[in-house]
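> Just passing along the structure, written as structure tokens.
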6 protein chains.
Amino acid sequence: MKVAVYRKEHFNAAHRLFNPHWDKEKNDAVFGKCNNLNYHGHNYELVIKVTGEINPETGYVIDLKYLSELIKSQILDRFDHKNLNLDTEEFKNLNPTAENIAVVIYDILRPLLQKQYALKVRLYETERNFVEYPVD
Amino acid sequence: MKVAVYRKEHFNAAHRLFNPHWDKEKNDAVFGKCNNLNYHGHNYELVIKVTGEINPETGYVIDLKYLSELIKSQILDRFDHKNLNLDTEEFKNLNPTAENIAVVIYDILRPLLQKQYALKVRLYETERNFVEYPVD
Amino acid sequence: MKVAVYRKEHFNAAHRLFNPHWDKEKNDAVFGKCNNLNYHGHNYELVIKVTGEINPETGYVIDLKYLSELIKSQILDRFDHKNLNLDTEEFKNLNPTAENIAVVIYDILRPLLQKQYALKVRLYETERNFVEYPVD
Amino acid sequence: MKVAVYRKEHFNAAHRLFNPHWDKEKNDAVFGKCNNLNYHGHNYELVIKVTGEINPETGYVIDLKYLSELIKSQILDRFDHKNLNLDTEEFKNLNPTAENIAVVIYDILRPLLQKQYALKVRLYETERNFVEYPVD
Amino acid sequence: MKVAVYRKEHFNAAHRLFNPHWDKEKNDAVFGKCNNLNYHGHNYELVIKVTGEINPETGYVIDLKYLSELIKSQILDRFDHKNLNLDTEEFKNLNPTAENIAVVIYDILRPLLQKQYALKVRLYETERNFVEYPVD
Amino acid sequence: MKVAVYRKEHFNAAHRLFNPHWDKEKNDAVFGKCNNLNYHGHNYELVIKVTGEINPETGYVIDLKYLSELIKSQILDRFDHKNLNLDTEEFKNLNPTAENIAVVIYDILRPLLQKQYALKVRLYETERNFVEYPVD
């Protein structure tokens with residue numbers, strides 16, 4: 001009896017989108033105002049989905065309090081109130097698009113969850129722009 | 001031409017999470033304040049997803065007014081403004097976690113929908129904690 | 001490394017649900033007040049999901065600014081502040097249910113997206129009634 | 001001990017904004033696409049605020065179930081799934097802007113509430129456009 | 001230069017509405033299913049508004065982190081995951097309507113805030129039912 | 001017949017909170033992680049409230065399309081996708097707290113609106129932290 005459980009968290013961060021191998025003109029053409037030299041920022045809403053069997057003794061797939069603390073210690077402490085380009089190892093050489101952030105979050109959490117769980121990451125950069133990884 | 005249609009409803013209920021085969025210490029360790037002896041409660045948001053072919057005569061997969069009335073008569077009348085542990089048959093011997101509530105709702109509605117429809121239940125216990133059953 | 005990206009837009013439109021081959025009694029029985037002769041209306045929320053590989057040069061699956069402009073020029077300019085039954089070619093002979101609107105939007109956008117992208121349409125007619133096409 | 005209580009309801013309606021004493025050019029200039037000849041529509045969210053003393057026997061300012069039924073019988077039954085311009089007496093000769101709809105709703109409800117209650121109407125035409133009447 | 005600042009928090013609690021001086025019939029007539037003997041519950045959303053002068057050294061009216069911690073220690077620790085009727089001193093002899101809960105929260109917080117601040121409490125019992133105290 | 005009308009817009013920006021006359025220890029003590037040297041950021045939601053008489057010829061207090069364009073040209077073009085500390089004149093010497101941003105926005109818009117209109121600014125820094133200026 002597999003059920004999916006979701007936990008929603010958020011963090012606030014600054015970022016700038018650009019490709020260091022391109023000149024300013026090309027970066028402006030591709031990334032527009034997201035290439036602002038001095039950064040801009042977002043309230044990121046993060047939804048972590050974990051799928052697994054219900055444990056008959058607890059009625060839980062996974063303790064959402066545990067999952068919330070895992071997200072806090074592994075993701076929020078790393079990215080909240082940070083400049084993704086300057087303050088994090090993960091995006092020193094990786095463009096911090098929503099797509100790449102979602103993949104990075106997945107790659108951090110995946111090894112920390114037991115194998116019987118499936119994991120999916122949804123990340124809202126704004127209410128109107130969001131991404132999901134992996135896809136079914 | 002299969003389309004998924006969703007109907008969102010809500011109910012308010014009290015519950016307490018615990019395993020009657022465990023002592024107080026273990027229940028507190030696992031369920032924390034959710035094990036409060038005198039119950040606590042939630043505004044549950046319930047999203048029912050029904051997937052099927054569009055009926056070419058109506059343009060509907062299923063009449064959402066009918067689906068809403070089915071949810072009301074079968075689920076809301078049963079659980080709304082109730083104590084899940086004390087007032088319902090379903091959770092007399094089943095821990096009313098969000099996971100178990102979603103499975104119970106599915107098991108109630110599934111036999112009442114025609115076989116050509118696929119059914120999925122999403123249940124929000126809070127805005128930040130929610131579950132889905134079954135999984136793809 | 002496939003990621004799904006979503007862009008949310010909205011439009012406001014009037015519509016009336018009915019089957020022109022049925023008499024008033026049958027239309028009233030099936031469509032109720034949605035069959036109001038003089039139309040009623042909605043704020044439609046439209047979520048377009050595009051799935052594809054991350055482009056390693058941009059970190060994007062697809063430029064969401066481009067996707068937003070495509071939705072605006074192809075869907076919003078066509079349906080926003082319109083009477084779906086009277087002002088559009090698409091629903092002259094097709095009942096403008098949420099299901100049918102979602103399929104029509106998919107059929108407009110699909111040929112305009114490159115083949116490597118998968119496309120899915122979610123349409124909210126109200127906060128409580130919404131549909132998705134195609135299904136997995 | 002005065003407290004304000006709020007009840008939120010919604011209705012869906014079609015409308016068209018125009019001034020019958022103006023020609024098409026002036027109406028188009030002022031009302032733009034809201035002047036679409038065949039109407040467009042909205043999901044209106046209505047929030048009714050009633051201010052009064054807490055009744056010490058009930059702990060209520062006013063029974064919100066009673067208030068909800070009053071809104072349903074007086075406002076929703078009148079405007080829901082209607083064309084405001086064609087189907088209602090109130091807007092036969094009054095432009096159905098959000099401002100005017102809010103005043104009309106106030107004028108309908110005010111005489112039906114006891115004098116000790118203060119009344120305020122908030123009306124959302126969209127998530128981004130809303131109005132309030134009266135002002136403090 | 002007075003500015004109002006708001007902090008939103010939430011808690012989950014069970015309650016039952018009734019007047020102990022009335023018999024069951026009268027309580028059922030007035031409180032309906034809210035009088036369920038075994039309680040029901042809600043996710044309460046609490047918005048605390050503090051109005052005061054901007055401190056020119058910090059740019060803050062009040063440190064929202066401090067305000068959040070005050071709400072947590074004084075309100076959430078008291079009411080979260082509790083049965084308001086059974087587990088709290090405040091509602092042993094006071095009907096836990098939204099109106100009364102808002103007044104109680106105000107009366108707890110008011111003496112803990114410096115006099116130069118004005119305080120207002122908004123409490124959502126559900127998305128559709130909410131209250132505010134005091135009124136302007 | 002005075003009515004208040006509201007228009008909601010948003011912008012995304014980076015900022016850092018600190019007082020240049022204080023040393024790092026004091027800034028860290030007061031502003032915590034909001035003092036991150038390399039900035040962080042937010043999706044700011046901005047609600048502009050304009051109060052005035054309904055124009056009987058239009059049914060409008062003010063054309064919300066005009067108001068929206070005014071906000072875009074005066075506020076969004078200035079602050080969207082910017083670093084408030086580095087890229088704007090307004091916050092070169094003013095700590096960009098939500099309180100100060102709201103006052104700055106008011107001071108920009110006030111002279112651009114005719115005197116018969118009252119103006120109020122609400123600014124959401126996050127869903128849980130927001131401010132309003134001026135106060136009644």
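Ordering of the structure tokens sets the chain letters (A, B, ...), residue numbers begin anew at 1 in every chain, and ligands are numbered from 1 in the order given.
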Could you pull out all residues of range 14-124 of chain A with a DSSP call of strand (DSSP E or B) and give them as a PyMOL selection string?
chain A and resi 14-15+40-53+82-83+118-124
> Which residues of chain C have any atom within 8 Å of an atom in chain D when counting only C-alpha atoms, and what is the closest pair of atoms for each, with the distance in Å to one decimal? Order the rows by chain and rising number and write it as a Markdown table.

```
| residue | atom | partner | partner_atom | distance |
| --- | --- | --- | --- | --- |
| C:Asn12 | CA | D:Gly41 | CA | 5.6 |
| C:Ala13 | CA | D:His40 | CA | 4.3 |
| C:Ala14 | CA | D:His40 | CA | 4.2 |
| C:His15 | CA | D:His40 | CA | 7.8 |
| C:Lys33 | CA | D:His81 | CA | 6.1 |
| C:Cys34 | CA | D:His81 | CA | 6.4 |
| C:Asn36 | CA | D:Lys82 | CA | 6.7 |
| C:Asn38 | CA | D:Asn83 | CA | 5.7 |
| C:Tyr39 | CA | D:Asn83 | CA | 5.8 |
| C:His40 | CA | D:Ala14 | CA | 4.2 |
| C:Gly41 | CA | D:Gly41 | CA | 3.5 |
| C:His42 | CA | D:His42 | CA | 4.0 |
| C:Asn43 | CA | D:His42 | CA | 4.8 |
| C:Asp80 | CA | D:His40 | CA | 7.9 |
| C:His81 | CA | D:His40 | CA | 4.8 |
| C:Lys82 | CA | D:His40 | CA | 5.1 |
| C:Asn83 | CA | D:His40 | CA | 5.5 |
| C:Leu86 | CA | D:Asn38 | CA | 6.9 |
| C:Asp87 | CA | D:Asn38 | CA | 7.2 |
| C:Thr126 | CA | D:Asn43 | CA | 6.9 |
```
> Which one of C:Glu89, C:Lys65, C:Ile105, C:Leu112 sits closest to Val47 in chain C if you count only C-alpha atoms?
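Selected residue with least distance to Val47 in chain C: C:Ile105.
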> Provide the CA of Trp22 in chain F to CA of Pro96 in chain F distance in Å, to one decimal place.
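Pair CA of Trp22 in chain F / CA of Pro96 in chain F returns 15.9 Å.
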> Could you check how far CA of Asn95 in chain A sits from CA of Ala118 in chain A, in Å to one decimal?
26.3 Å
> Find the residues near Tyr117 in chain C: any atom within 9 Å, counting only C-alpha atoms, skip ones fewer than 4 places away on the same chain, and give them as JSON, numbers by chain.
{"C": [50, 51, 52, 53, 61, 62, 113]}
> Could you write those residues out with all heavy atoms, as a short mmCIF file (atom, residue, chain, number, x, y, z; two decimals), in the first residue's frame?

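Everything below was put into result.cif:
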```cif
data_model
loop_
_atom_site.label_atom_id
_atom_site.label_comp_id
_atom_site.auth_asym_id
_atom_site.auth_seq_id
_atom_site.Cartn_x
_atom_site.Cartn_y
_atom_site.Cartn_z
N VAL C 50 5.95 21.74 -19.28
CA VAL C 50 6.81 21.29 -20.38
C VAL C 50 7.94 20.46 -19.78
O VAL C 50 8.64 20.92 -18.87
CB VAL C 50 7.38 22.49 -21.16
CG1 VAL C 50 8.40 22.02 -22.21
CG2 VAL C 50 6.25 23.26 -21.82
N THR C 51 8.11 19.26 -20.30
CA THR C 51 9.14 18.36 -19.78
C THR C 51 10.21 18.13 -20.84
O THR C 51 9.89 17.88 -22.00
CB THR C 51 8.51 17.01 -19.38
OG1 THR C 51 7.46 17.26 -18.45
CG2 THR C 51 9.53 16.09 -18.75
N GLY C 52 11.46 18.23 -20.41
CA GLY C 52 12.55 17.98 -21.35
C GLY C 52 13.89 17.95 -20.64
O GLY C 52 13.96 18.06 -19.42
N GLU C 53 14.94 17.80 -21.40
CA GLU C 53 16.31 17.78 -20.86
C GLU C 53 16.76 19.19 -20.50
O GLU C 53 16.42 20.15 -21.21
CB GLU C 53 17.29 17.22 -21.91
CG GLU C 53 17.04 15.80 -22.33
CD GLU C 53 17.48 14.80 -21.26
OE1 GLU C 53 18.34 15.15 -20.42
OE2 GLU C 53 16.95 13.67 -21.27
N VAL C 61 15.31 24.12 -19.16
CA VAL C 61 14.64 23.17 -20.04
C VAL C 61 14.10 23.93 -21.25
O VAL C 61 14.28 23.54 -22.40
CB VAL C 61 13.49 22.44 -19.30
CG1 VAL C 61 12.58 21.72 -20.28
CG2 VAL C 61 14.07 21.46 -18.29
N ILE C 62 13.44 25.03 -20.94
CA ILE C 62 12.92 25.93 -21.97
C ILE C 62 12.86 27.29 -21.31
O ILE C 62 12.63 27.40 -20.11
CB ILE C 62 11.51 25.47 -22.47
CG1 ILE C 62 11.08 26.26 -23.70
CG2 ILE C 62 10.48 25.56 -21.38
CD1 ILE C 62 9.76 25.72 -24.31
N LEU C 113 5.53 23.53 -30.12
CA LEU C 113 6.67 23.14 -29.28
C LEU C 113 7.47 22.08 -30.00
O LEU C 113 6.91 21.18 -30.63
CB LEU C 113 6.19 22.58 -27.95
CG LEU C 113 5.71 23.60 -26.91
CD1 LEU C 113 5.07 22.87 -25.74
CD2 LEU C 113 6.87 24.46 -26.43
#
```
> What's the 12 Å shell around Arg110 in chain F, counting only C-alpha atoms, without same-chain residues fewer than 3 positions away, as a list in words?
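The residues satisfying every condition are Ile48, Lys49, Val50, Leu70, Ile71, Gln74, Ala102, Val103, Val104, Ile105, Tyr106, Asp107, Leu113, Gln114, Lys115, Gln116, Tyr117, Ala118, Leu119, Lys120, Val121, Tyr133 and Pro134 of chain F.
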> I'd like the contact shell of Glu57 in chain E - 10 Å cut-off, only C-alpha atoms, skipping same-chain residues fewer than 6 positions apart - returned as a ChimeraX atom specification.
/F:18-22,94-95
> Find the residues near Val135 in chain A: any atom within 7 Å, counting only C-alpha atoms, skip ones fewer than 4 places away on the same chain, and give them as number ranges by chain.
C: 2-4
> Just list as a ChimeraX atom specification whatever in range 10-115 of chain A DSSP marks as alpha helix (DSSP H).
/A:24-31,64-71,77-79,84-87,98-109
> May I have the selected residues written with N, CA and C atoms, as a tab-separated table (two decimals), in the first residue's frame?

```
chain	number	residue	atom	x	y	z
A	24	LYS	N	28.78	39.53	-22.31
A	24	LYS	CA	27.63	40.20	-21.72
A	24	LYS	C	26.43	40.24	-22.67
A	25	GLU	N	26.71	40.48	-23.96
A	25	GLU	CA	25.60	40.60	-24.91
A	25	GLU	C	24.80	39.31	-24.96
A	26	LYS	N	25.53	38.19	-25.06
A	26	LYS	CA	24.81	36.91	-25.17
A	26	LYS	C	24.08	36.61	-23.86
A	27	ASN	N	24.73	36.87	-22.73
A	27	ASN	CA	24.06	36.63	-21.45
A	27	ASN	C	22.81	37.49	-21.30
A	28	ASP	N	22.91	38.75	-21.73
A	28	ASP	CA	21.73	39.61	-21.66
A	28	ASP	C	20.62	39.09	-22.57
A	29	ALA	N	21.02	38.64	-23.75
A	29	ALA	CA	20.01	38.16	-24.70
A	29	ALA	C	19.29	36.93	-24.16
A	30	VAL	N	20.04	36.04	-23.51
A	30	VAL	CA	19.44	34.79	-23.03
A	30	VAL	C	18.77	34.96	-21.67
A	31	PHE	N	19.41	35.67	-20.75
A	31	PHE	CA	18.91	35.69	-19.38
A	31	PHE	C	18.21	37.00	-19.00
A	64	LEU	N	6.98	12.88	9.07
A	64	LEU	CA	7.16	14.18	8.40
A	64	LEU	C	7.97	15.14	9.26
A	65	LYS	N	7.98	14.94	10.55
A	65	LYS	CA	8.83	15.77	11.41
A	65	LYS	C	10.31	15.45	11.11
A	66	TYR	N	10.62	14.17	10.95
A	66	TYR	CA	11.98	13.79	10.57
A	66	TYR	C	12.34	14.36	9.21
A	67	LEU	N	11.40	14.23	8.26
A	67	LEU	CA	11.65	14.71	6.90
A	67	LEU	C	11.88	16.23	6.93
A	68	SER	N	11.06	16.93	7.71
A	68	SER	CA	11.20	18.39	7.81
A	68	SER	C	12.57	18.76	8.37
A	69	GLU	N	13.00	18.02	9.39
A	69	GLU	CA	14.32	18.33	9.98
A	69	GLU	C	15.46	18.00	9.03
A	70	LEU	N	15.28	16.95	8.24
A	70	LEU	CA	16.28	16.61	7.23
A	70	LEU	C	16.39	17.73	6.19
A	71	ILE	N	15.24	18.22	5.73
A	71	ILE	CA	15.24	19.32	4.74
A	71	ILE	C	15.90	20.55	5.36
A	77	ASP	N	19.53	25.15	5.78
A	77	ASP	CA	20.75	25.70	6.39
A	77	ASP	C	21.82	26.03	5.34
A	78	ARG	N	21.77	25.34	4.22
A	78	ARG	CA	22.74	25.54	3.16
A	78	ARG	C	22.40	26.74	2.27
A	79	PHE	N	21.09	26.91	1.99
A	79	PHE	CA	20.71	27.89	0.96
A	79	PHE	C	19.92	29.09	1.49
A	84	LEU	N	23.26	32.33	-3.83
A	84	LEU	CA	23.55	30.99	-4.35
A	84	LEU	C	24.86	30.98	-5.14
A	85	ASN	N	25.13	32.04	-5.92
A	85	ASN	CA	26.35	32.06	-6.73
A	85	ASN	C	27.62	32.19	-5.89
A	86	LEU	N	27.55	32.99	-4.84
A	86	LEU	CA	28.77	33.33	-4.09
A	86	LEU	C	28.95	32.50	-2.83
A	87	ASP	N	27.86	32.16	-2.18
A	87	ASP	CA	27.96	31.57	-0.83
A	87	ASP	C	27.88	30.05	-0.80
A	98	ALA	N	16.18	27.42	-11.62
A	98	ALA	CA	15.29	26.57	-10.82
A	98	ALA	C	15.51	25.09	-11.16
A	99	GLU	N	15.72	24.80	-12.44
A	99	GLU	CA	15.96	23.42	-12.85
A	99	GLU	C	17.19	22.86	-12.14
A	100	ASN	N	18.30	23.61	-12.19
A	100	ASN	CA	19.53	23.11	-11.58
A	100	ASN	C	19.41	23.04	-10.06
A	101	ILE	N	18.73	23.98	-9.45
A	101	ILE	CA	18.56	23.93	-7.99
A	101	ILE	C	17.78	22.67	-7.60
A	102	ALA	N	16.74	22.35	-8.36
A	102	ALA	CA	15.94	21.16	-8.04
A	102	ALA	C	16.79	19.89	-8.13
A	103	VAL	N	17.61	19.81	-9.16
A	103	VAL	CA	18.46	18.62	-9.33
A	103	VAL	C	19.47	18.54	-8.18
A	104	VAL	N	20.07	19.68	-7.82
A	104	VAL	CA	21.03	19.69	-6.72
A	104	VAL	C	20.37	19.24	-5.41
A	105	ILE	N	19.16	19.74	-5.15
A	105	ILE	CA	18.46	19.35	-3.92
A	105	ILE	C	18.19	17.84	-3.93
A	106	TYR	N	17.76	17.33	-5.08
A	106	TYR	CA	17.53	15.89	-5.19
A	106	TYR	C	18.81	15.11	-4.90
A	107	ASP	N	19.90	15.56	-5.50
A	107	ASP	CA	21.17	14.83	-5.34
A	107	ASP	C	21.69	14.88	-3.90
A	108	ILE	N	21.35	15.93	-3.18
A	108	ILE	CA	21.73	15.99	-1.75
A	108	ILE	C	20.88	15.03	-0.92
A	109	LEU	N	19.57	15.04	-1.17
A	109	LEU	CA	18.66	14.28	-0.30
A	109	LEU	C	18.63	12.78	-0.63
```
> With only C-alpha atoms as the atoms that count, which of C:Asp23, C:Asp136, C:Phe130, C:Phe91 lies nearest to Arg7 in chain B?
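Residue with the minimum atom-to-atom distance to Arg7 in chain B: C:Phe130.
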